[in-house]
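Structure first, commentary second.
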Amino acid sequence: MTDTPLQTTEWQSRLLATHVRLRQQAPLVHCLTNQVTVSFVANVLLAAGASPAMTDHPDEVEGLAAAADALLINLGTPSADSIAAMRRASQAASRSETPWVLDPVGAAALPLRRALSLTLMAHRPTVIRGNASEVMALAETGTDGRGVDTQHDSSEALAAARRLLAQTDGVAISGRTDRLLGRSAATADAVTVGIHGGSAWQPRVTGTGCALGALISAYLAVADTPLDAMIYAHVHAAAAAERAELTAHGPGSFAVAWLDALDSVDLSGFLADRLTLE
């Protein structure tokens, strides 16, 4: 393989500097997220170094989305009020050029969520983050899903993700191997990066996926490119999960240990071994 950005010390140093900027700038991340996990998501952002705002009233979200450094819209528990808030917030983010993440939870299995996701995409999310079935549903290549779970491997959604790059700057597909699609800063060509690692405990704790969307949002506020933001959010989450697994005795202790590790994990040794250019 020829030399790639993933193999250069300059690139790795730049990503490590992004983590330092996150800590220094503490970007304000406005989250419209799953009500089951709202507290956990806020704590993850605080542990990582960002500042969460969880306001979801339809009459407040426009001003906050415009003033925030980044926005997360997660469709985990939609209601009439939250749907109105999501629509207003996405419009405000588009007008103010606030970077934002769309997490289309359940869009593969539930028609209301798929229709809402497609409506929100008109305001061009910076990143779409979901499982393979959700990504395929948004690209209209498949709608099979079981609730919020995926029926496909992340590799099966790559073609769909490439099509979605016409409507977003990045697509993050979760799976056994997370696959991230974005554009090269140098050439503007589509690039696919695989992220390996993490812990088997992560799917056993509600909110880890929602929190990953929030981490991407936080890194969007400080990273040089959306691809960098996606990569570093996933690296941060996976490295912390591996560290947490060393002391965890079950899902409950893992959740606490993961929060601690997000605050303190050393990421410098993680980049070269867990990333592949596909």
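Following the order of the structure tokens, first chain is A, next is B, and so on, with residues numbered from 1 inside each chain and ligands from 1 in the order they appear.
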
Do you have, as CSV, the list of residues of region 32-73 of chain A lying at most 10 Å from region 110-134 of chain A, each with its nearest atom pair and that distance in Å to one decimal, counting only C-alpha atoms and ordered by chain then number?
```
residue,atom,partner,partner_atom,distance
A:Ala70,CA,A:Thr126,CA,9.8
A:Leu71,CA,A:Pro125,CA,9.4
A:Leu72,CA,A:Pro125,CA,9.5
A:Ile73,CA,A:Leu120,CA,9.3
```

Next on the checklist: Could you go through region 20-197 of chain A and tell me which residues DSSP, when run on the backbone, assigns to strand (DSSP E), listing them as a VMD selection string?
Outcome noted: chain A and resid 28 to 32 51 to 53 70 to 74 100 to 103 127 to 131 170 to 174 178 to 183 190 to 195

Residues of the last selection are to be written out with N, CA, C and O atoms, as a short mmCIF file (atom, residue, chain, number, x, y, z; two decimals), in the first residue's frame.
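Produced file again-v9.cif, reproduced below:
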```
data_model
loop_
_atom_site.label_atom_id
_atom_site.label_comp_id
_atom_site.auth_asym_id
_atom_site.auth_seq_id
_atom_site.Cartn_x
_atom_site.Cartn_y
_atom_site.Cartn_z
N LEU A 28 -19.79 24.27 22.83
CA LEU A 28 -21.17 24.09 23.26
C LEU A 28 -21.89 23.22 22.24
O LEU A 28 -21.99 23.57 21.06
N VAL A 29 -22.39 22.06 22.69
CA VAL A 29 -23.07 21.12 21.81
C VAL A 29 -24.54 21.06 22.22
O VAL A 29 -24.88 20.64 23.33
N HIS A 30 -25.40 21.50 21.32
CA HIS A 30 -26.84 21.47 21.54
C HIS A 30 -27.36 20.10 21.13
O HIS A 30 -27.18 19.68 19.99
N CYS A 31 -27.99 19.40 22.05
CA CYS A 31 -28.44 18.03 21.81
C CYS A 31 -29.96 17.92 21.87
O CYS A 31 -30.57 18.22 22.91
N LEU A 32 -30.56 17.50 20.77
CA LEU A 32 -31.95 17.06 20.75
C LEU A 32 -31.87 15.55 20.62
O LEU A 32 -31.67 15.01 19.53
N SER A 51 -19.21 21.02 26.28
CA SER A 51 -20.24 21.60 27.14
C SER A 51 -21.61 21.28 26.54
O SER A 51 -21.93 21.76 25.45
N PRO A 52 -22.44 20.46 27.22
CA PRO A 52 -23.73 20.07 26.65
C PRO A 52 -24.84 21.06 26.97
O PRO A 52 -24.86 21.69 28.03
N ALA A 53 -25.77 21.20 26.03
CA ALA A 53 -27.02 21.93 26.25
C ALA A 53 -28.14 21.03 25.74
O ALA A 53 -28.14 20.65 24.57
N ALA A 70 -22.09 23.31 17.82
CA ALA A 70 -22.49 22.13 17.05
C ALA A 70 -23.85 21.67 17.56
O ALA A 70 -24.28 22.04 18.67
N LEU A 71 -24.52 20.86 16.75
CA LEU A 71 -25.87 20.38 17.06
C LEU A 71 -25.94 18.88 16.81
O LEU A 71 -25.37 18.39 15.83
N LEU A 72 -26.64 18.17 17.69
CA LEU A 72 -26.98 16.77 17.49
C LEU A 72 -28.48 16.63 17.43
O LEU A 72 -29.19 17.13 18.31
N ILE A 73 -28.99 15.94 16.40
CA ILE A 73 -30.40 15.57 16.33
C ILE A 73 -30.47 14.05 16.27
O ILE A 73 -30.01 13.43 15.32
N ASN A 74 -31.04 13.46 17.32
CA ASN A 74 -31.16 12.01 17.48
C ASN A 74 -32.64 11.66 17.57
O ASN A 74 -33.36 12.23 18.38
N TRP A 100 -23.79 20.00 12.17
CA TRP A 100 -24.73 19.18 12.93
C TRP A 100 -24.73 17.74 12.45
O TRP A 100 -24.37 17.44 11.32
N VAL A 101 -25.13 16.87 13.37
CA VAL A 101 -25.16 15.43 13.15
C VAL A 101 -26.61 14.96 13.20
O VAL A 101 -27.35 15.30 14.12
N LEU A 102 -26.99 14.15 12.22
CA LEU A 102 -28.28 13.47 12.21
C LEU A 102 -28.07 12.01 12.55
O LEU A 102 -27.34 11.31 11.86
N ASP A 103 -28.72 11.55 13.62
CA ASP A 103 -28.69 10.14 14.02
C ASP A 103 -30.10 9.58 13.83
O ASP A 103 -30.97 9.77 14.67
N VAL A 127 -22.91 15.50 9.18
CA VAL A 127 -22.62 14.06 9.28
C VAL A 127 -23.93 13.32 9.55
O VAL A 127 -24.77 13.78 10.33
N ILE A 128 -24.08 12.17 8.92
CA ILE A 128 -25.14 11.22 9.24
C ILE A 128 -24.49 10.05 9.94
O ILE A 128 -23.53 9.46 9.43
N ARG A 129 -24.99 9.70 11.14
CA ARG A 129 -24.42 8.59 11.90
C ARG A 129 -25.52 7.57 12.20
O ARG A 129 -26.55 7.90 12.78
N GLY A 130 -25.33 6.34 11.77
CA GLY A 130 -26.33 5.33 12.05
C GLY A 130 -25.79 3.94 11.81
O GLY A 130 -24.64 3.76 11.40
N ASN A 131 -26.63 2.93 12.07
CA ASN A 131 -26.22 1.58 11.74
C ASN A 131 -26.45 1.33 10.25
O ASN A 131 -26.99 2.18 9.52
N GLY A 170 -20.29 13.71 5.54
CA GLY A 170 -19.73 12.50 6.11
C GLY A 170 -20.81 11.54 6.54
O GLY A 170 -21.92 11.95 6.91
N VAL A 171 -20.49 10.25 6.48
CA VAL A 171 -21.40 9.20 6.94
C VAL A 171 -20.61 8.26 7.84
O VAL A 171 -19.55 7.76 7.45
N ALA A 172 -21.12 8.03 9.05
CA ALA A 172 -20.50 7.10 10.00
C ALA A 172 -21.44 5.91 10.17
O ALA A 172 -22.57 6.07 10.62
N ILE A 173 -20.96 4.72 9.79
CA ILE A 173 -21.75 3.50 9.86
C ILE A 173 -21.23 2.65 11.02
O ILE A 173 -20.08 2.22 11.01
N SER A 174 -22.08 2.42 12.00
CA SER A 174 -21.65 1.62 13.15
C SER A 174 -21.76 0.14 12.83
O SER A 174 -22.58 -0.30 12.03
N ASP A 178 -16.55 -0.17 12.59
CA ASP A 178 -17.19 1.10 12.20
C ASP A 178 -16.54 1.57 10.91
O ASP A 178 -15.32 1.54 10.77
N ARG A 179 -17.36 2.02 9.97
CA ARG A 179 -16.84 2.53 8.70
C ARG A 179 -17.28 3.97 8.50
O ARG A 179 -18.47 4.28 8.62
N LEU A 180 -16.31 4.83 8.21
CA LEU A 180 -16.54 6.26 8.10
C LEU A 180 -16.24 6.71 6.69
O LEU A 180 -15.17 6.41 6.15
N LEU A 181 -17.16 7.43 6.08
CA LEU A 181 -16.96 7.95 4.74
C LEU A 181 -16.98 9.46 4.78
O LEU A 181 -17.89 10.08 5.34
N GLY A 182 -15.97 10.06 4.19
CA GLY A 182 -15.88 11.51 4.10
C GLY A 182 -15.06 11.89 2.90
O GLY A 182 -14.73 11.05 2.05
N ARG A 183 -14.70 13.14 2.84
CA ARG A 183 -13.92 13.63 1.70
C ARG A 183 -12.51 14.02 2.14
O ARG A 183 -12.33 14.64 3.18
N ALA A 190 -13.83 10.85 -2.20
CA ALA A 190 -14.42 10.10 -1.09
C ALA A 190 -13.38 9.15 -0.50
O ALA A 190 -12.64 8.50 -1.23
N VAL A 191 -13.32 9.11 0.81
CA VAL A 191 -12.38 8.26 1.55
C VAL A 191 -13.19 7.42 2.52
O VAL A 191 -14.13 7.90 3.16
N THR A 192 -12.82 6.14 2.65
CA THR A 192 -13.46 5.24 3.61
C THR A 192 -12.42 4.78 4.63
O THR A 192 -11.36 4.27 4.25
N VAL A 193 -12.74 4.97 5.89
CA VAL A 193 -11.83 4.60 6.98
C VAL A 193 -12.53 3.59 7.88
O VAL A 193 -13.69 3.77 8.26
N GLY A 194 -11.84 2.50 8.19
CA GLY A 194 -12.36 1.52 9.14
C GLY A 194 -11.79 1.76 10.52
O GLY A 194 -10.59 2.05 10.67
N ILE A 195 -12.65 1.67 11.52
CA ILE A 195 -12.23 1.83 12.93
C ILE A 195 -12.42 0.49 13.62
O ILE A 195 -13.53 -0.06 13.65
#
```

Item to check | Test item: residues at most 10 Å from Gly209 (chain A), only C-alpha atoms, excluding those fewer than 2 positions along its chain, as a list in words | outcome: Thr37, Val41, Asp103, Val105, Arg129, Gly130, Asn131, Ser174, Gln202, Pro203, Val205, Thr206, Gly207, Ala211, Leu212, Gly213, Ala214, Leu215 and Ala237 of chain A

Okay, now the selection with C-alpha atoms, as a compact mmCIF listing (two decimals), in the first residue's frame?
```txt
# COMPACT_ATOMS: atom_id res chain seq x y z
CA THR A 37 -30.29 8.60 27.39
CA VAL A 41 -25.14 11.81 26.71
CA ASP A 103 -28.69 10.14 14.02
CA VAL A 105 -32.49 5.96 15.07
CA ARG A 129 -24.42 8.59 11.90
CA GLY A 130 -26.33 5.33 12.05
CA ASN A 131 -26.22 1.58 11.74
CA SER A 174 -21.65 1.62 13.15
CA GLN A 202 -20.76 -1.05 24.58
CA PRO A 203 -23.94 -2.50 23.01
CA VAL A 205 -25.21 -0.10 27.79
CA THR A 206 -28.03 2.10 26.55
CA GLY A 207 -26.83 5.42 25.25
CA ALA A 211 -23.22 9.44 22.94
CA LEU A 212 -21.07 8.68 19.90
CA GLY A 213 -23.26 10.99 17.81
CA ALA A 214 -22.75 13.69 20.44
CA LEU A 215 -18.98 13.14 20.40
CA ALA A 237 -14.89 6.29 22.24
```

Item to check | Selected residue of minimal separation from Pro99 (chain A) among A:Thr9, A:Thr168, A:Thr247, A:Ser268, counting only C-alpha atoms | outcome: A:Thr168

Item to check | Counting only C-alpha atoms, the option among A:Val256, A:Leu22, A:Val61, A:Leu16 closest to Ala240 (chain A) | outcome: A:Val256

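Shell of Ala92 (chain A) at 9 Å, with only C-alpha atoms counted and residues fewer than 5 places along the chain excluded, is Val61, Glu62, Gly63, Leu64, Ala65, Ala66, Arg87, Glu97 and Thr98 of chain A.
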
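The closest residue to Leu158 (chain A), picked from A:Leu227, A:Leu275, A:Gly175, A:Met136 and counting only C-alpha atoms, is A:Met136.
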
Item to check | Nearest residue to Arg21 (chain A) from the set A:Ala48, A:Gly198, A:Ala42, A:His57 (distances using only C-alpha atoms) | outcome: A:Ala48

DSSP on the backbone: what in region 45-276 of chain A comes out helix (DSSP H, G or I), as a short mmCIF file (atom, residue, chain, number, x, y, z; two decimals) with C-alpha atoms, in the first residue's frame?
```cif
data_model
loop_
_atom_site.label_atom_id
_atom_site.label_comp_id
_atom_site.auth_asym_id
_atom_site.auth_seq_id
_atom_site.Cartn_x
_atom_site.Cartn_y
_atom_site.Cartn_z
CA LEU A 45 -19.81 15.29 26.57
CA LEU A 46 -18.65 16.68 29.89
CA ALA A 47 -16.19 13.82 30.37
CA ALA A 48 -14.77 14.35 26.87
CA VAL A 61 -34.16 25.56 19.91
CA GLU A 62 -33.69 27.98 17.01
CA GLY A 63 -31.71 30.50 19.01
CA LEU A 64 -29.64 27.85 20.75
CA ALA A 65 -28.89 25.88 17.58
CA ALA A 66 -27.69 29.07 15.92
CA ALA A 67 -25.54 30.08 18.91
CA ALA A 80 -44.93 15.92 18.40
CA ASP A 81 -42.97 18.59 20.30
CA SER A 82 -39.56 17.05 19.68
CA ILE A 83 -40.27 16.66 15.96
CA ALA A 84 -41.20 20.34 15.77
CA ALA A 85 -38.01 21.18 17.68
CA MET A 86 -35.87 19.06 15.36
CA ARG A 87 -37.27 20.76 12.27
CA ARG A 88 -36.68 24.23 13.69
CA ALA A 89 -33.21 23.40 14.98
CA SER A 90 -32.05 21.89 11.68
CA GLN A 91 -33.30 24.95 9.80
CA ALA A 92 -31.51 27.28 12.23
CA ALA A 93 -28.29 25.27 11.98
CA SER A 94 -28.46 25.43 8.20
CA ARG A 95 -28.95 29.20 8.23
CA SER A 96 -26.16 29.83 10.73
CA PRO A 111 -41.83 4.87 8.51
CA LEU A 112 -42.37 8.02 10.61
CA ARG A 113 -38.69 8.18 11.50
CA ARG A 114 -37.57 7.54 7.96
CA ALA A 115 -39.85 10.28 6.62
CA LEU A 116 -38.65 12.69 9.32
CA SER A 117 -35.00 11.87 8.57
CA LEU A 118 -35.51 12.58 4.88
CA THR A 119 -37.18 15.90 5.74
CA LEU A 120 -34.33 16.92 8.04
CA MET A 121 -31.76 15.98 5.41
CA ALA A 122 -33.06 18.83 3.27
CA HIS A 123 -31.14 21.08 5.68
CA ALA A 132 -26.04 -0.08 8.33
CA SER A 133 -29.80 -0.63 8.00
CA GLU A 134 -30.52 3.01 8.83
CA VAL A 135 -27.97 4.31 6.34
CA MET A 136 -29.37 2.04 3.63
CA ALA A 137 -32.92 3.17 4.39
CA LEU A 138 -31.99 6.84 3.99
CA SER A 154 -21.45 -1.98 8.01
CA SER A 155 -19.70 -3.12 4.80
CA GLU A 156 -23.08 -3.71 3.15
CA ALA A 157 -23.99 -0.03 3.55
CA LEU A 158 -20.94 1.43 1.83
CA ALA A 159 -22.62 1.94 -1.53
CA ALA A 160 -25.58 3.63 0.16
CA ALA A 161 -23.25 5.84 2.19
CA ARG A 162 -21.44 6.96 -0.94
CA ARG A 163 -24.75 8.06 -2.42
CA LEU A 164 -25.56 9.99 0.75
CA GLN A 202 -20.76 -1.05 24.58
CA PRO A 203 -23.94 -2.50 23.01
CA ARG A 204 -24.99 -3.68 26.50
CA THR A 208 -23.38 4.55 23.93
CA GLY A 209 -24.55 5.02 20.33
CA CYS A 210 -26.34 8.25 21.16
CA ALA A 211 -23.22 9.44 22.94
CA LEU A 212 -21.07 8.68 19.90
CA GLY A 213 -23.26 10.99 17.81
CA ALA A 214 -22.75 13.69 20.44
CA LEU A 215 -18.98 13.14 20.40
CA ILE A 216 -18.93 13.55 16.62
CA SER A 217 -20.83 16.82 17.05
CA ALA A 218 -18.30 18.04 19.61
CA TYR A 219 -15.35 17.22 17.38
CA LEU A 220 -17.03 18.87 14.38
CA PRO A 226 -15.76 16.39 9.07
CA LEU A 227 -13.75 13.23 8.32
CA ASP A 228 -11.26 14.15 11.04
CA ALA A 229 -14.14 14.76 13.45
CA MET A 230 -15.70 11.37 12.75
CA ILE A 231 -12.41 9.54 13.07
CA TYR A 232 -11.39 11.19 16.30
CA ALA A 233 -14.79 10.76 17.96
CA HIS A 234 -14.69 7.04 17.17
CA VAL A 235 -11.08 6.68 18.27
CA HIS A 236 -11.83 8.48 21.55
CA ALA A 237 -14.89 6.29 22.24
CA ALA A 238 -13.15 3.02 21.33
CA ALA A 239 -9.95 3.73 23.24
CA ALA A 240 -11.95 4.66 26.34
CA ALA A 241 -14.05 1.51 25.98
CA GLU A 242 -11.00 -0.73 25.85
CA ARG A 243 -9.60 0.91 28.94
CA ALA A 244 -12.94 0.68 30.78
CA GLU A 245 -13.25 -3.03 29.96
CA PRO A 251 -22.65 -3.30 32.05
CA GLY A 252 -23.18 -1.01 35.04
CA SER A 253 -19.56 -0.78 36.08
CA PHE A 254 -18.54 -0.50 32.43
CA ALA A 255 -20.72 2.60 31.95
CA VAL A 256 -19.05 4.33 34.90
CA ALA A 257 -15.57 3.23 33.86
CA TRP A 258 -16.19 4.43 30.29
CA LEU A 259 -17.08 7.92 31.51
CA ASP A 260 -13.90 7.97 33.61
CA ALA A 261 -11.82 6.77 30.66
CA LEU A 262 -13.28 9.36 28.27
CA ASP A 263 -11.87 11.96 30.65
CA SER A 264 -8.42 10.47 31.07
CA LEU A 271 -4.38 5.68 16.16
CA ALA A 272 -1.98 3.60 14.12
CA ASP A 273 -3.23 0.16 15.19
CA ARG A 274 -7.00 0.65 14.94
#
```
